[in-house]
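Okay, structure first, notes after.
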Amino acid sequence: MISNDAIELASYEIMKQAAIDIPADYLDGIKSVAEKESEQLSGFVIKTMVKNYEAATEDRRPMCADTGLPRYYVKVGDKAQFEGGFTGIERAMRSATARATHDVPLRPNRVHPLWRTEYNNNVGINSPEVEWSFEPDVNWIDITTVHKGGLFGTDYRMLFPGDGIDGIKRFLLDTLISFGKRGLCCQPAIVGIGLGGSKDTCMQLGKQAACLRIVGDRNPDPKIAELELELMDIGNSIGMGAMGFVGSSMVVDLHIEVGHTHTGGMPISVHTFCLSSRRATARINADGSVEYRIDPKWFTPYHRRETVSWESK
Amino acid sequence: MLEQISLDLPATHAAIASLKLGSVVYLNGMVYTAREGVYERILNGRSQLPEGLIASSNVNFHCSPAAALQEDGEYRIGGVTATASFRFSKYLAKWLDLTNTKIIIGKGGMPVADYKSILAPRGAVYLTTVGYGTGALLGRGVQGVEAVHWLDELGIAQAMWIFRVKDFGPFLVDSDLQGNSLFAQQGELVNKNIESLYNGLKAPALHRYGETRDRKDELM
């Protein structure tokens, strides 16, 4: 039986890890982008960022003061047993968010959209978001937190089947250029593209593609995997680098997630997960032990429903 | 190698005049944060400027720190990063006149027209943070909190923080006293390539406002 306290503690711990320690996959990715960067200004920016990650880890302080909108992704095994129920998990996460905001400290970004009121703890109406996913045959709970800034670098558009791959390329260029200027989307970034589903699914898929897959991970559909690499090359050939300076460092990796969609449409969303791509995951086992890791492993075959059969005849 | 400069604050006119676009700057002295919360409050006459601010600091940082009040009453500053400055354009002329501020630090710079018409005529320049998100490096440069104003009224993110800083940086010089802009110059170079990126890609079936400026146009 997993105690609610264990869930609270793990949720708190990953808030801290995400804010402070750059994930190793992203650091390797950024270093390989830096090697290809021949422009002085863009190169200087990336080298400075690498120093910043080192300083954050050494000092145990957040790598970026805009600790974004802290939130959680929870994957619960079918056989997991936990004492507080689902609402207990959500309560634990609200508590962990408030404690971490004070202790790390995180910036208390969350305010009411109209009244701009806040409680200095990143907790409020509908926040932190908790998204749920499930996994067959296992007894653990995976909790991932993502700290992503929220103002720039995301866009949505309803494309149509006839727009095809050209439409996808155009929209990617539009988004990267408009938010890449002056570096507003804090590139080089992990880009996530959501394709299909309904509008809200499309946004969600793109966001999760950016934030919940590690650098180097490829979509299991080989043709989509190929498209990921092609689009990444397009992003890096814009001629724009870090901070919008001349350069080649725009995209560290690019992930596409798809969902079956309306026969008449091809909705697309683009999300950029910034230079401080902050995520951390904890697995809470049935015996209460906790393992921490950088790979959320969110897109399991079950999560994509690849392996789920359907019978309608 | 980009030129590196260490600047003592309050910055003198001569020091500011010598800054070149693209140089890397580190600051020593007193820096204050102010963004829309503080601007609205002061410029609408709801509060007065803190006493002594004008004499001690001429650097306005567009920043919301990740800060927390400790049990001993001191503030712990974790990460320090800038917020995007272009949104504060409408306040700046009055603000610079009122406070005699000569350096604006923020994220992403401001339109070159603002440099020419607001900053440069007042002897002020813009330094941009690097990255963005050198929160830990800048946090290291903050030696202490000299004062914090309107914390209860505005919250941690919008309050005015006055920081004592040493080797605080790096920042890049974005604008000079002629009103030139590094971002604008770099943007023009990037722009040369943009048209060709779209070569051969067919236009989408349904357009959006923004692709046409005339809202009477049909989008298909």
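FYI, nothing fancy with the structure tokens labels: chains A, B, ... in order, residues from 1 per chain, ligands from 1 as they appear.
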
Could you write out as a CSV table (one decimal) with C-alpha atoms, in the first residue's frame the residues of chain A within 6 Å of chain B, counting only C-alpha atoms?
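Contents of the output file selection32.csv:
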```csv
chain,number,residue,atom,x,y,z
A,45,VAL,CA,24.8,32.2,-25.5
A,52,ASN,CA,24.5,28.3,-15.9
A,55,ALA,CA,26.2,26.8,-11.4
A,56,ALA,CA,22.6,25.6,-10.6
A,61,ARG,CA,19.5,26.9,-7.0
A,62,PRO,CA,17.0,27.0,-9.8
A,63,MET,CA,18.6,27.2,-13.3
A,64,CYS,CA,16.0,29.7,-14.4
A,65,ALA,CA,14.0,32.1,-12.1
A,102,HIS,CA,8.8,28.2,-0.6
A,105,PRO,CA,12.4,28.5,-4.0
A,106,LEU,CA,10.2,28.5,-7.1
A,107,ARG,CA,8.8,31.7,-8.4
A,163,ASP,CA,-2.5,21.1,-46.9
A,166,ASP,CA,3.7,21.4,-46.9
A,167,GLY,CA,1.2,22.8,-44.4
A,182,ARG,CA,14.9,37.9,-30.1
A,186,CYS,CA,14.3,30.5,-25.4
A,239,GLY,CA,19.5,30.7,-40.1
A,245,PHE,CA,20.9,35.8,-33.4
A,246,VAL,CA,22.3,34.6,-36.7
```

Point to revise | Which of range 41-260 of chain A DSSP labels alpha helix (DSSP H), written as a PyMOL selection string | key: chain A and resi 41-59+85-103+164-180+199-211+222-236

Residues within 10 Å of Ala209 in chain A, please, as a ChimeraX atom specification. Count only C-alpha atoms; anything in the same chain fewer than 6 positions from it doesn't count. /A:190-194,203,219,254-258,270-273,298-299

One decimal place gives the CA of Tyr115 in chain B-CA of Lys94 in chain B separation as 14.3 Å

Please provide as a PDB file with N, CA and C atoms, in the first residue's frame all residues within 7 Å of range 144-154 of chain A, with the sequence filter that same-chain residues fewer than 5 positions apart are discarded (counting only C-alpha atoms).
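result-v6.pdb, freshly written:
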```pdb
ATOM      1  N   ILE A  14      10.748  15.839  -6.787  1.00  0.00           N
ATOM      2  CA  ILE A  14      10.935  16.054  -8.233  1.00  0.00           C
ATOM      3  C   ILE A  14      10.745  17.529  -8.602  1.00  0.00           C
ATOM      4  N   MET A  15       9.935  18.270  -7.842  1.00  0.00           N
ATOM      5  CA  MET A  15       9.835  19.723  -8.072  1.00  0.00           C
ATOM      6  C   MET A  15      11.218  20.351  -7.941  1.00  0.00           C
ATOM      7  N   ASP A  66      12.307  31.925 -13.872  1.00  0.00           N
ATOM      8  CA  ASP A  66      10.939  31.687 -14.302  1.00  0.00           C
ATOM      9  C   ASP A  66      10.721  30.190 -14.264  1.00  0.00           C
ATOM     10  N   THR A  67      10.273  29.716 -13.128  1.00  0.00           N
ATOM     11  CA  THR A  67      10.084  28.277 -12.969  1.00  0.00           C
ATOM     12  C   THR A  67       8.749  27.838 -13.566  1.00  0.00           C
ATOM     13  N   GLY A  68       8.226  28.666 -14.449  1.00  0.00           N
ATOM     14  CA  GLY A  68       7.106  28.268 -15.286  1.00  0.00           C
ATOM     15  C   GLY A  68       5.829  28.049 -14.500  1.00  0.00           C
ATOM     16  N   LEU A  69       4.992  27.197 -15.086  1.00  0.00           N
ATOM     17  CA  LEU A  69       3.774  26.782 -14.405  1.00  0.00           C
ATOM     18  C   LEU A  69       3.987  25.333 -13.971  1.00  0.00           C
ATOM     19  N   PRO A  70       4.443  25.135 -12.744  1.00  0.00           N
ATOM     20  CA  PRO A  70       4.736  23.769 -12.300  1.00  0.00           C
ATOM     21  C   PRO A  70       3.470  22.911 -12.363  1.00  0.00           C
ATOM     22  N   ARG A  71       3.621  21.667 -12.841  1.00  0.00           N
ATOM     23  CA  ARG A  71       2.454  20.806 -13.017  1.00  0.00           C
ATOM     24  C   ARG A  71       2.880  19.347 -12.956  1.00  0.00           C
ATOM     25  N   TYR A  72       1.905  18.453 -12.952  1.00  0.00           N
ATOM     26  CA  TYR A  72       2.216  17.027 -12.790  1.00  0.00           C
ATOM     27  C   TYR A  72       1.561  16.174 -13.863  1.00  0.00           C
ATOM     28  N   TYR A  73       2.263  15.098 -14.201  1.00  0.00           N
ATOM     29  CA  TYR A  73       1.716  14.024 -15.032  1.00  0.00           C
ATOM     30  C   TYR A  73       1.833  12.736 -14.216  1.00  0.00           C
ATOM     31  N   VAL A  74       0.737  12.051 -14.030  1.00  0.00           N
ATOM     32  CA  VAL A  74       0.729  10.875 -13.165  1.00  0.00           C
ATOM     33  C   VAL A  74       0.299   9.653 -13.964  1.00  0.00           C
ATOM     34  N   THR A 175       5.819  29.358 -36.790  1.00  0.00           N
ATOM     35  CA  THR A 175       5.874  29.388 -35.320  1.00  0.00           C
ATOM     36  C   THR A 175       7.300  29.636 -34.837  1.00  0.00           C
ATOM     37  N   PHE A 179       8.305  33.201 -32.935  1.00  0.00           N
ATOM     38  CA  PHE A 179       8.697  33.190 -31.523  1.00  0.00           C
ATOM     39  C   PHE A 179      10.214  33.094 -31.346  1.00  0.00           C
ATOM     40  N   LEU A 184      12.510  34.739 -28.032  1.00  0.00           N
ATOM     41  CA  LEU A 184      11.416  34.723 -27.049  1.00  0.00           C
ATOM     42  C   LEU A 184      11.046  33.312 -26.605  1.00  0.00           C
ATOM     43  N   CYS A 185      11.203  32.319 -27.499  1.00  0.00           N
ATOM     44  CA  CYS A 185      10.860  30.956 -27.071  1.00  0.00           C
ATOM     45  C   CYS A 185      12.062  30.246 -26.451  1.00  0.00           C
ATOM     46  N   CYS A 211       7.522  17.935 -23.875  1.00  0.00           N
ATOM     47  CA  CYS A 211       7.962  17.912 -22.477  1.00  0.00           C
ATOM     48  C   CYS A 211       8.204  16.519 -21.912  1.00  0.00           C
ATOM     49  N   VAL A 270       2.214  23.416 -32.229  1.00  0.00           N
ATOM     50  CA  VAL A 270       3.672  23.426 -32.054  1.00  0.00           C
ATOM     51  C   VAL A 270       3.989  24.000 -30.681  1.00  0.00           C
ATOM     52  N   HIS A 271       4.854  23.314 -29.955  1.00  0.00           N
ATOM     53  CA  HIS A 271       5.257  23.758 -28.614  1.00  0.00           C
ATOM     54  C   HIS A 271       6.777  23.741 -28.533  1.00  0.00           C
ATOM     55  N   THR A 272       7.358  24.728 -27.879  1.00  0.00           N
ATOM     56  CA  THR A 272       8.806  24.721 -27.679  1.00  0.00           C
ATOM     57  C   THR A 272       9.112  24.628 -26.193  1.00  0.00           C
ATOM     58  N   PHE A 273       9.889  23.616 -25.855  1.00  0.00           N
ATOM     59  CA  PHE A 273      10.324  23.418 -24.460  1.00  0.00           C
ATOM     60  C   PHE A 273      11.716  24.015 -24.374  1.00  0.00           C
ATOM     61  N   ARG A 278      12.892  21.678 -18.080  1.00  0.00           N
ATOM     62  CA  ARG A 278      12.890  21.125 -16.732  1.00  0.00           C
ATOM     63  C   ARG A 278      11.808  20.070 -16.540  1.00  0.00           C
ATOM     64  N   ARG A 279      12.283  18.846 -16.297  1.00  0.00           N
ATOM     65  CA  ARG A 279      11.362  17.758 -15.985  1.00  0.00           C
ATOM     66  C   ARG A 279      12.073  16.775 -15.070  1.00  0.00           C
ATOM     67  N   ALA A 280      11.337  16.076 -14.269  1.00  0.00           N
ATOM     68  CA  ALA A 280      11.888  15.031 -13.406  1.00  0.00           C
ATOM     69  C   ALA A 280      10.765  14.055 -13.077  1.00  0.00           C
ATOM     70  N   THR A 281      11.159  12.788 -12.902  1.00  0.00           N
ATOM     71  CA  THR A 281      10.171  11.730 -12.697  1.00  0.00           C
ATOM     72  C   THR A 281      10.533  10.892 -11.473  1.00  0.00           C
ATOM     73  N   ALA A 282       9.527  10.484 -10.752  1.00  0.00           N
ATOM     74  CA  ALA A 282       9.707   9.553  -9.633  1.00  0.00           C
ATOM     75  C   ALA A 282       8.813   8.344  -9.856  1.00  0.00           C
ATOM     76  N   PRO A 296      10.557  10.534 -18.512  1.00  0.00           N
ATOM     77  CA  PRO A 296       9.199  10.325 -18.000  1.00  0.00           C
ATOM     78  C   PRO A 296       8.571   9.002 -18.453  1.00  0.00           C
TER      79      PRO A 296
END
```

List every residue of range 4-58 of chain B that DSSP, applied to the backbone of this structure, places in strand (DSSP E or B), and write the result as a ChimeraX atom specification. /B:4-8,24-33

Separating CA of Ser237 in chain A from CA of Ile46 in chain A, to the nearest tenth of an Å, is a gap of 17.4 Å

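Of the residues under consideration (A:Gly197, A:Gly124, A:Gly216, A:Pro161), A:Pro161 shows the shortest atom-to-atom contact distance to Gly265 in chain A when counting only C-alpha atoms.
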
Exercise. What lies within 9 Å of Ile16 in chain B using only C-alpha atoms, ignoring chain neighbours under 5 positions off, as a list in words?
Worked result: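 Result of the neighbour search: Leu7, Ala11, Lys102, Ile103, Gly123, Ala124, Val125, Asp176 and Leu177 of chain B.
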
- Task: Just the residues within 10 Å of Met30 in chain B, please, counting only C-alpha atoms, with nothing from its chain fewer than 2 positions along; format it as a list in words.
- Result: Asp8, Leu9, Pro10, Leu27, Asn28, Tyr32, Leu53, Ser56, Ser57, Asn58, Val59, Asn60, Val142, Gly144, Val145, Glu146, Ile162, Phe163, Arg164, Val165 and Lys166 of chain B

- Item | Spatial neighbours of Leu195 in chain A, max dist 7 Å, only C-alpha atoms, sep filter under 3 positions, as an MDAnalysis selection string | chainID A and resid 202 257:259 266:269

*Expressed in Å to a single decimal, how great is the separation between CA of Ala210 in chain A and CA of Pro188 in chain A?*
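Calculated distance between CA of Ala210 in chain A and CA of Pro188 in chain A is 12.5 Å.
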
Item checked: Pick from A:Thr117, A:Gly235, A:Leu173, A:Tyr302, whichever lies nearest to Asp137 in chain A using only C-alpha atoms ->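 So, comparing all the options, the nearest one is A:Tyr302.
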
Of B:Val148, B:Val112, B:Leu92, B:Ala120, the one nearest to His13 in chain B when counting only C-alpha atoms is B:Ala120
